[in-house]
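Q: mmCIF, C-alpha atoms, file model-v6.cif:
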data_structure
#
loop_
_atom_site.label_atom_id
_atom_site.label_comp_id
_atom_site.auth_asym_id
_atom_site.auth_seq_id
_atom_site.Cartn_x
_atom_site.Cartn_y
_atom_site.Cartn_z
CA MET A 576 36.60 28.20 -9.85
CA ARG A 577 33.95 26.56 -7.72
CA GLN A 578 34.71 23.10 -6.39
CA ALA A 579 32.37 20.10 -6.80
CA VAL A 580 31.02 17.82 -4.08
CA LEU A 581 29.50 14.36 -4.54
CA CYS A 582 26.07 14.47 -2.88
CA GLY A 583 24.02 11.69 -4.51
CA LEU A 584 24.71 8.13 -5.64
CA GLY A 585 22.47 5.51 -7.19
CA GLY A 586 22.61 2.31 -9.19
CA TRP A 587 20.21 0.00 -10.96
CA LEU A 588 20.51 -3.54 -12.26
CA PRO A 589 17.83 -5.32 -14.31
CA PRO A 590 16.07 -8.03 -12.28
CA ASP A 591 16.84 -10.88 -14.71
CA VAL A 592 20.02 -12.74 -13.76
CA VAL A 593 21.83 -14.91 -16.31
CA GLU A 594 24.16 -17.56 -14.91
CA ASN A 595 27.18 -18.75 -16.87
CA GLU A 596 25.55 -22.14 -17.34
CA ASP A 597 22.53 -20.47 -18.96
CA ILE A 598 24.54 -19.28 -21.96
CA MET A 599 27.54 -21.60 -22.25
CA ALA A 600 28.67 -25.18 -21.78
CA ALA A 601 29.64 -26.31 -18.28
CA GLU A 602 33.36 -26.47 -19.08
CA THR A 603 33.35 -22.95 -20.55
CA ALA A 604 31.27 -21.68 -17.65
CA ALA A 605 33.86 -22.95 -15.20
CA PHE A 606 36.68 -21.37 -17.19
CA VAL A 607 34.92 -17.98 -17.31
CA ARG A 608 34.34 -18.15 -13.56
CA ARG A 609 37.93 -19.14 -12.81
CA ARG A 610 39.88 -17.06 -15.35
CA ILE A 611 37.68 -14.00 -15.92
CA GLY A 612 35.97 -13.98 -12.54
CA ILE A 613 32.37 -13.82 -13.81
CA ALA A 614 29.68 -16.18 -12.54
CA ARG A 615 26.55 -14.27 -13.56
CA ARG A 616 25.36 -11.01 -15.01
CA HIS A 617 22.12 -9.00 -15.22
CA ARG A 618 20.35 -8.65 -18.56
CA VAL A 619 17.50 -6.42 -19.67
CA ALA A 620 14.37 -7.78 -21.30
CA PRO A 621 14.39 -7.59 -25.11
CA GLY A 622 13.36 -4.18 -26.35
CA THR A 623 14.52 -2.32 -23.25
CA ALA A 624 16.07 1.04 -24.10
CA THR A 625 19.27 2.39 -22.60
CA VAL A 626 17.42 5.53 -21.50
CA GLU A 627 15.22 3.34 -19.32
CA LEU A 628 18.28 2.13 -17.41
CA ALA A 629 19.60 5.69 -17.24
CA THR A 630 16.31 6.94 -15.83
CA GLU A 631 16.21 4.28 -13.10
CA ALA A 632 19.74 5.03 -11.89
CA GLY A 633 19.32 8.78 -12.29
CA ARG A 634 16.18 8.82 -10.17
CA ARG A 635 17.97 6.95 -7.40
CA ALA A 636 20.90 9.37 -7.46
CA LEU A 637 18.57 12.37 -7.26
CA ASP A 638 16.68 10.76 -4.37
CA SER A 639 19.99 10.05 -2.63
CA ALA A 640 20.88 13.73 -2.97
CA GLY A 641 17.43 14.84 -1.79
CA LEU A 642 16.88 16.74 -5.03
CA GLY A 643 14.00 16.81 -7.45
CA ARG A 644 16.07 17.94 -10.39
CA ALA A 645 19.54 18.98 -11.53
CA ASP A 646 20.75 21.87 -13.67
CA ALA A 647 22.33 19.60 -16.29
CA LEU A 648 22.55 15.92 -17.23
CA VAL A 649 25.49 14.10 -18.81
CA LEU A 650 24.85 10.55 -20.02
CA ALA A 651 27.90 8.34 -20.56
CA THR A 652 27.13 5.33 -22.73
CA THR A 653 28.57 3.14 -25.47
CA THR A 654 25.16 1.64 -26.23
CA PRO A 655 22.95 4.52 -27.42
CA ASP A 656 19.40 3.67 -28.38
CA ARG A 657 19.82 5.44 -31.72
CA LEU A 658 22.61 7.07 -33.71
CA CYS A 659 20.48 10.21 -33.60
CA PRO A 660 19.28 11.79 -31.37
CA ALA A 661 21.22 11.47 -28.12
CA GLY A 662 19.46 9.75 -25.25
CA ALA A 663 20.24 12.29 -22.52
CA PRO A 664 17.41 14.73 -23.36
CA GLU A 665 14.89 11.87 -23.23
CA ALA A 666 16.31 10.66 -19.91
CA ALA A 667 16.08 14.21 -18.55
CA SER A 668 12.45 14.50 -19.60
CA ARG A 669 11.59 11.13 -18.06
CA LEU A 670 13.05 12.48 -14.82
CA GLY A 671 10.88 15.61 -15.00
CA MET A 672 13.75 17.86 -16.09
CA THR A 673 12.65 18.92 -19.57
CA GLY A 674 14.45 22.10 -20.58
CA ILE A 675 17.84 21.52 -18.94
CA PRO A 676 20.99 21.01 -21.03
CA ALA A 677 21.44 17.26 -21.51
CA PHE A 678 23.89 15.45 -23.75
CA ASP A 679 25.57 12.09 -24.34
CA LEU A 680 29.25 11.39 -23.89
CA SER A 681 30.98 8.43 -25.53
CA ALA A 682 34.33 7.39 -24.05
CA GLY A 683 33.92 3.64 -23.75
CA CYS A 684 34.33 2.18 -20.30
CA SER A 685 36.06 5.41 -19.21
CA GLY A 686 32.85 7.32 -19.90
CA PHE A 687 31.79 7.80 -16.29
CA LEU A 688 35.04 9.40 -15.15
CA TYR A 689 35.12 11.50 -18.32
CA ALA A 690 31.55 12.66 -17.65
CA CYS A 691 32.39 13.50 -14.03
CA GLU A 692 35.28 15.68 -15.21
CA VAL A 693 32.96 17.46 -17.64
CA ALA A 694 30.43 17.95 -14.83
CA ARG A 695 33.12 19.42 -12.59
CA GLY A 696 33.94 21.84 -15.39
CA LEU A 697 30.30 22.93 -15.67
CA ILE A 698 30.17 23.54 -11.94
CA GLY A 699 33.57 25.23 -11.85
CA THR A 700 32.63 27.78 -14.51
CA GLY A 701 29.23 28.48 -12.97
CA ALA A 702 27.28 26.99 -15.87
CA ALA A 703 25.49 24.67 -13.42
CA ALA A 704 25.19 24.33 -9.65
CA THR A 705 24.12 20.68 -9.80
CA VAL A 706 24.87 18.06 -12.44
CA LEU A 707 23.43 14.56 -12.75
CA VAL A 708 26.01 12.21 -14.26
CA VAL A 709 24.59 8.91 -15.47
CA ALA A 710 26.43 5.94 -16.98
CA ALA A 711 24.03 3.43 -18.54
CA GLU A 712 24.77 0.40 -20.67
CA ASN A 713 22.54 -2.04 -22.51
CA ALA A 714 25.71 -4.04 -23.09
CA SER A 715 24.03 -7.32 -24.02
CA ALA A 716 22.73 -5.62 -27.18
CA MET A 717 26.23 -4.94 -28.51
CA VAL A 718 27.63 -8.49 -28.21
CA HIS A 719 26.84 -11.39 -30.52
CA PRO A 720 25.41 -14.25 -28.42
CA ASP A 721 27.65 -16.79 -30.20
CA ASP A 722 30.91 -14.87 -29.78
CA PRO A 723 32.90 -16.59 -27.01
CA ASN A 724 35.22 -13.59 -26.69
CA THR A 725 32.49 -11.11 -25.76
CA ALA A 726 29.17 -12.79 -24.93
CA PRO A 727 30.27 -14.09 -21.49
CA LEU A 728 31.79 -10.79 -20.42
CA PHE A 729 29.09 -8.18 -20.50
CA GLY A 730 26.11 -7.35 -18.32
CA ASP A 731 23.55 -4.55 -18.31
CA GLY A 732 23.11 -1.84 -15.71
CA ALA A 733 23.42 1.82 -14.82
CA GLY A 734 24.97 3.99 -12.13
CA ALA A 735 24.63 7.68 -11.43
CA VAL A 736 25.95 10.46 -9.21
CA VAL A 737 24.90 14.01 -8.43
CA LEU A 738 27.64 16.61 -8.16
CA ARG A 739 26.91 20.03 -6.64
CA ALA A 740 28.83 23.24 -6.13
CA ALA A 741 30.71 23.27 -2.83
CA GLU A 742 29.85 25.79 -0.15
CA GLU A 743 32.51 28.35 0.73
CA GLY A 744 35.34 26.56 2.51
CA GLU A 745 33.90 23.11 1.77
CA PRO A 746 36.50 20.74 0.31
CA ALA A 747 36.00 19.13 -3.10
CA THR A 748 35.26 15.42 -3.16
CA PHE A 749 37.66 14.58 -5.98
CA GLY A 750 41.26 15.48 -6.65
CA PRO A 751 42.87 16.08 -10.05
CA THR A 752 41.82 13.76 -12.88
CA VAL A 753 44.36 12.15 -15.19
CA TRP A 754 42.78 11.20 -18.50
CA GLY A 755 43.89 10.41 -22.01
CA SER A 756 43.35 8.55 -25.25
CA ASP A 757 45.14 6.68 -28.03
CA GLY A 758 43.21 6.58 -31.30
CA GLU A 759 45.94 4.62 -33.06
CA LEU A 760 44.59 1.54 -31.26
CA ALA A 761 40.91 2.32 -31.81
CA ASP A 762 40.21 -0.95 -33.64
CA ILE A 763 41.15 -3.33 -30.80
CA ILE A 764 37.76 -2.65 -29.15
CA ALA A 765 35.25 -1.75 -31.83
CA ILE A 766 31.92 -2.32 -33.58
CA PRO A 767 32.92 -2.05 -37.25
CA ALA A 768 29.57 -1.26 -38.89
CA GLY A 769 26.54 0.92 -38.24
CA GLY A 770 28.18 4.34 -38.35
CA THR A 771 29.10 6.57 -41.27
CA ARG A 772 32.47 4.90 -41.87
CA GLN A 773 30.79 1.57 -42.64
CA ARG A 774 27.04 2.04 -42.66
CA HIS A 775 26.23 -1.59 -43.51
CA PRO A 776 28.01 -4.84 -42.55
CA GLU A 777 30.49 -5.91 -45.19
CA ASN A 778 31.66 -9.16 -43.61
CA GLY A 779 28.43 -10.56 -42.22
CA VAL A 780 26.27 -9.69 -39.26
CA ARG A 781 29.20 -9.87 -36.85
CA ASP A 782 30.27 -6.43 -38.15
CA LEU A 783 27.32 -5.01 -36.20
CA TYR A 784 28.59 -6.39 -32.89
CA LEU A 785 31.52 -5.66 -30.62
CA GLY A 786 34.88 -7.20 -31.40
CA ILE A 787 37.75 -7.35 -28.92
CA ARG A 788 41.38 -8.32 -29.44
CA GLY A 789 41.78 -9.71 -25.96
CA SER A 790 45.52 -10.00 -25.45
CA GLU A 791 46.15 -6.47 -26.73
CA VAL A 792 43.35 -5.08 -24.59
CA LEU A 793 44.74 -6.74 -21.46
CA ARG A 794 48.21 -5.37 -22.11
CA GLN A 795 46.98 -1.84 -22.80
CA ALA A 796 44.51 -1.85 -19.91
CA VAL A 797 47.16 -2.77 -17.37
CA ARG A 798 49.65 -0.27 -18.76
CA ARG A 799 47.23 2.65 -19.00
CA MET A 800 45.40 2.10 -15.71
CA THR A 801 48.63 1.58 -13.78
CA GLY A 802 50.14 4.75 -15.19
CA ALA A 803 46.98 6.81 -14.65
CA VAL A 804 46.67 5.72 -11.02
CA ARG A 805 50.26 6.66 -10.27
CA GLU A 806 49.84 10.07 -11.91
CA ALA A 807 46.52 10.81 -10.19
CA VAL A 808 47.85 9.85 -6.76
CA ALA A 809 50.93 12.01 -7.27
CA ALA A 810 48.78 14.94 -8.48
CA ALA A 811 46.74 14.68 -5.27
CA GLY A 812 49.93 14.87 -3.22
CA TRP A 813 49.39 11.38 -1.82
CA THR A 814 51.38 8.19 -1.84
CA LEU A 815 49.84 4.96 -3.06
CA ASP A 816 49.96 3.61 0.49
CA GLU A 817 47.59 6.39 1.54
CA VAL A 818 44.91 5.19 -0.91
CA GLU A 819 42.70 3.07 1.33
CA LEU A 820 40.56 1.66 -1.48
CA LEU A 821 41.19 1.50 -5.22
CA LEU A 822 38.07 0.99 -7.31
CA ALA A 823 38.90 -0.08 -10.85
CA HIS A 824 36.77 -0.68 -13.92
CA GLN A 825 35.50 -4.24 -13.76
CA ALA A 826 36.68 -5.55 -17.14
CA ASN A 827 37.79 -8.94 -15.92
CA ALA A 828 39.51 -10.31 -12.85
CA ALA A 829 42.76 -10.99 -14.69
CA ILE A 830 43.16 -7.30 -15.55
CA THR A 831 42.32 -6.19 -12.00
CA HIS A 832 44.83 -8.63 -10.50
CA ALA A 833 47.48 -7.55 -13.00
CA VAL A 834 46.93 -3.88 -12.13
CA ALA A 835 47.27 -4.66 -8.42
CA ALA A 836 50.49 -6.58 -9.08
CA ALA A 837 51.94 -3.85 -11.30
CA LEU A 838 51.21 -1.22 -8.65
CA ASP A 839 52.31 -3.51 -5.82
CA TYR A 840 48.94 -2.64 -4.28
CA PRO A 841 47.00 -5.07 -2.06
CA ALA A 842 44.28 -6.76 -4.12
CA ALA A 843 42.24 -7.04 -0.91
CA ARG A 844 41.85 -3.25 -0.99
CA MET A 845 40.34 -3.32 -4.50
CA PRO A 846 36.57 -3.94 -4.18
CA SER A 847 35.07 -6.06 -6.93
CA ASN A 848 31.59 -6.95 -8.15
CA ILE A 849 32.51 -8.56 -11.46
CA ALA A 850 31.47 -12.02 -10.25
CA THR A 851 27.83 -10.96 -10.05
CA VAL A 852 27.45 -8.20 -12.66
CA GLY A 853 30.14 -8.83 -15.27
CA ASN A 854 31.58 -5.99 -17.33
CA THR A 855 29.00 -3.19 -17.44
CA ALA A 856 31.24 -0.87 -19.50
CA ALA A 857 30.76 2.81 -18.58
CA ALA A 858 28.38 1.85 -15.76
CA SER A 859 31.05 -0.29 -14.10
CA VAL A 860 32.69 2.29 -11.81
CA PRO A 861 29.50 4.02 -10.54
CA LEU A 862 27.83 0.64 -9.93
CA LEU A 863 30.86 -0.48 -7.95
CA LEU A 864 30.79 2.79 -6.01
CA ALA A 865 27.08 2.42 -5.24
CA GLN A 866 27.36 -1.19 -4.13
CA SER A 867 30.50 -0.54 -2.07
CA ALA A 868 28.84 2.41 -0.33
CA ALA A 869 25.65 0.45 0.29
CA ASP A 870 27.45 -2.52 1.86
CA GLY A 871 29.63 -0.33 4.09
CA THR A 872 32.94 -0.87 2.29
CA LEU A 873 33.08 2.84 1.46
CA LYS A 874 32.91 4.91 4.62
CA GLY A 875 33.07 8.64 5.15
CA GLY A 876 36.58 10.05 5.26
CA ARG A 877 38.25 7.16 3.44
CA ARG A 878 40.77 8.02 0.76
CA VAL A 879 39.88 6.34 -2.51
CA GLY A 880 41.22 6.03 -6.03
CA LEU A 881 39.12 5.47 -9.15
CA VAL A 882 40.44 4.23 -12.48
CA SER A 883 38.97 3.06 -15.78
CA PHE A 884 40.02 2.00 -19.26
CA GLY A 885 38.01 1.43 -22.41
CA SER A 886 37.54 1.72 -26.12
CA GLY A 887 38.96 4.68 -27.94
CA LEU A 888 41.38 3.82 -26.46
CA SER A 889 40.54 5.91 -23.40
CA TRP A 890 41.55 5.92 -19.76
CA ALA A 891 41.03 8.04 -16.66
CA ALA A 892 41.90 8.06 -12.97
CA THR A 893 41.21 10.32 -10.02
CA THR A 894 41.35 10.36 -6.24
CA GLY A 895 38.91 11.48 -3.59
CA VAL A 896 37.92 11.58 0.04
CA TRP A 897 34.61 9.79 0.46
CA PRO A 898 31.84 12.08 1.76
CA GLU A 899 30.26 11.65 5.17
CA ASP A 900 26.55 10.79 5.40
CA LEU A 901 26.11 9.80 1.76
CA THR A 902 23.46 7.13 1.28
CA ALA A 903 23.66 5.09 -1.91
CA LEU A 904 20.37 3.88 -3.35
CA VAL A 905 20.68 0.61 -5.31
#
Could you express the structure from this file as C-alpha cells?
A:
Amino acid sequence: MRQAVLCGLGGWLPPDVVENEDIMAAETAAFVRRRIGIARRHRVAPGTATVELATEAGRRALDSAGLGRADALVLATTTPDRLCPAGAPEAASRLGMTGIPAFDLSAGCSGFLYACEVARGLIGTGAAATVLVVAAENASAMVHPDDPNTAPLFGDGAGAVVLRAAEEGEPATFGPTVWGSDGELADIIAIPAGGTRQRHPENGVRDLYLGIRGSEVLRQAVRRMTGAVREAVAAAGWTLDEVELLLAHQANAAITHAVAAALDYPAARMPSNIATVGNTAAASVPLLLAQSAADGTLKGGRRVGLVSFGSGLSWAATTGVWPEDLTALV
C-alpha cells in the first residue's frame, strides 16, 4: 500500500472575537478562565454556513501544498448545514473541484483524526493521490446561549490538511492510528432532537441544542485519550519520552492537565490554544496544528503525538514525524 505524506496545512478563524465578559457575568467569566482555561472564542456572523468555514480552511491548505485541487475531499463536522445533503460536495465546488468524490464524516471531536485515517486509506488503495481533509465547526449554532454548561465552551473555526501519496522510499508522516468508539455512552454528549429518532423537540427548545454530562465526559475523556496515546506510541515503536510534543483535543484545560498527569507527561510539551479559541470540536486538532506550525512550535523532524476524544463516544490517537519545509497558512 502507498504511504501518505502531509504536504499542506491551513486554518481559519472568524474575525469576530467574543470575550468571556461579553456573554457571562464577571464572576462566571473568571471561573471559566481559571477552571476551564477559556478567555475568548471566535464566533461566526449569524447565518454563516459551515461550508463557508470549510472552504476558507480548505483553500489555505491547498495553497500551503501548492495545489489547485485534490482528488477527494473529506469533511469532518458535527455541525452540518443541513441533515441532507452533506456539505462536502458544496465545499468542493466552492474550491473549484466539482466532480471529485466528496463526503462528510461525523465522529464528534475525533472527526479530524478519523477523516485523516480514511484519507490514508484512499491513498493507500490508490483511489486518490491527494486528499483534502477539512474539519469545520459552526459550534456556536449547536449550543443554547443560556446553557452555562455549554455556551462558554465552544468557538467556531476550521482547519484542513492535504495528504498526498509518498514518493518511492519517502517515509509516511503518520504512524499507526488507534481509534475506537463506545455507543453505550452516546447520550452523555448529544443533541436529542432534529434527527429521525426524535424529529421534533419533546421537552422544549433545549432538545435542539447540545447537552453534556460534564463529570462523565471528563472521566471518559481522560481514560480514553490516555489509553489511546499509550497504544499509538507503542504501535509506532516509540516510548512516551520520545514524543517531543503531544497535541490533544482542546476540550478544556482540566481535561488536558488530567491527561498529562495520567501519562506522567510534561504539560509544558502539550501546546494549547484553548484560551483564545475555546473548544472548536472536530476543528480543534488541525487548528492547533496550524497555529503551532505557524508560530514555530512545530519544527521539521520533531516527533509528535495527536489525540482526540468526542461524542459517539469516539476517540483516536496517532504519532508522526513533522515534515520539513511545511508552511501553515492561518
Q: Which residue, A:Gly633, A:Gly770, A:Gly887, A:Gly895, has the smallest gap to Leu822 (chain A) when you use all atoms listed in the file?
A: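 Among the listed residues, A:Gly895 lies closest to Leu822 (chain A).
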Q: Counting only C-alpha atoms, what is within 12 Å of Gly674 (chain A), bar same-chain residues fewer than 4 positions away, as a PyMOL selection string?
A: chain A and resi 644-648+663-670+678
Q: Could you check the closest approach to Gly730 (chain A) for each of A:Ser639, A:Thr603, A:Thr654, A:Asn854 and tell me which residue wins, using all atoms listed in the file?
A: A:Asn854
Q: Any chance you could resolve the PyMOL selection byres ((chain A and resi 589-600) around 7) against this file and give the residues as number ranges by chain?
A: A: 587-588, 601-604, 614-619, 732
Q: I'd like the interatomic distance between CA of His719 (chain A) and CA of Asp731 (chain A), to a tenth of an Å.
A: 14.4 Å
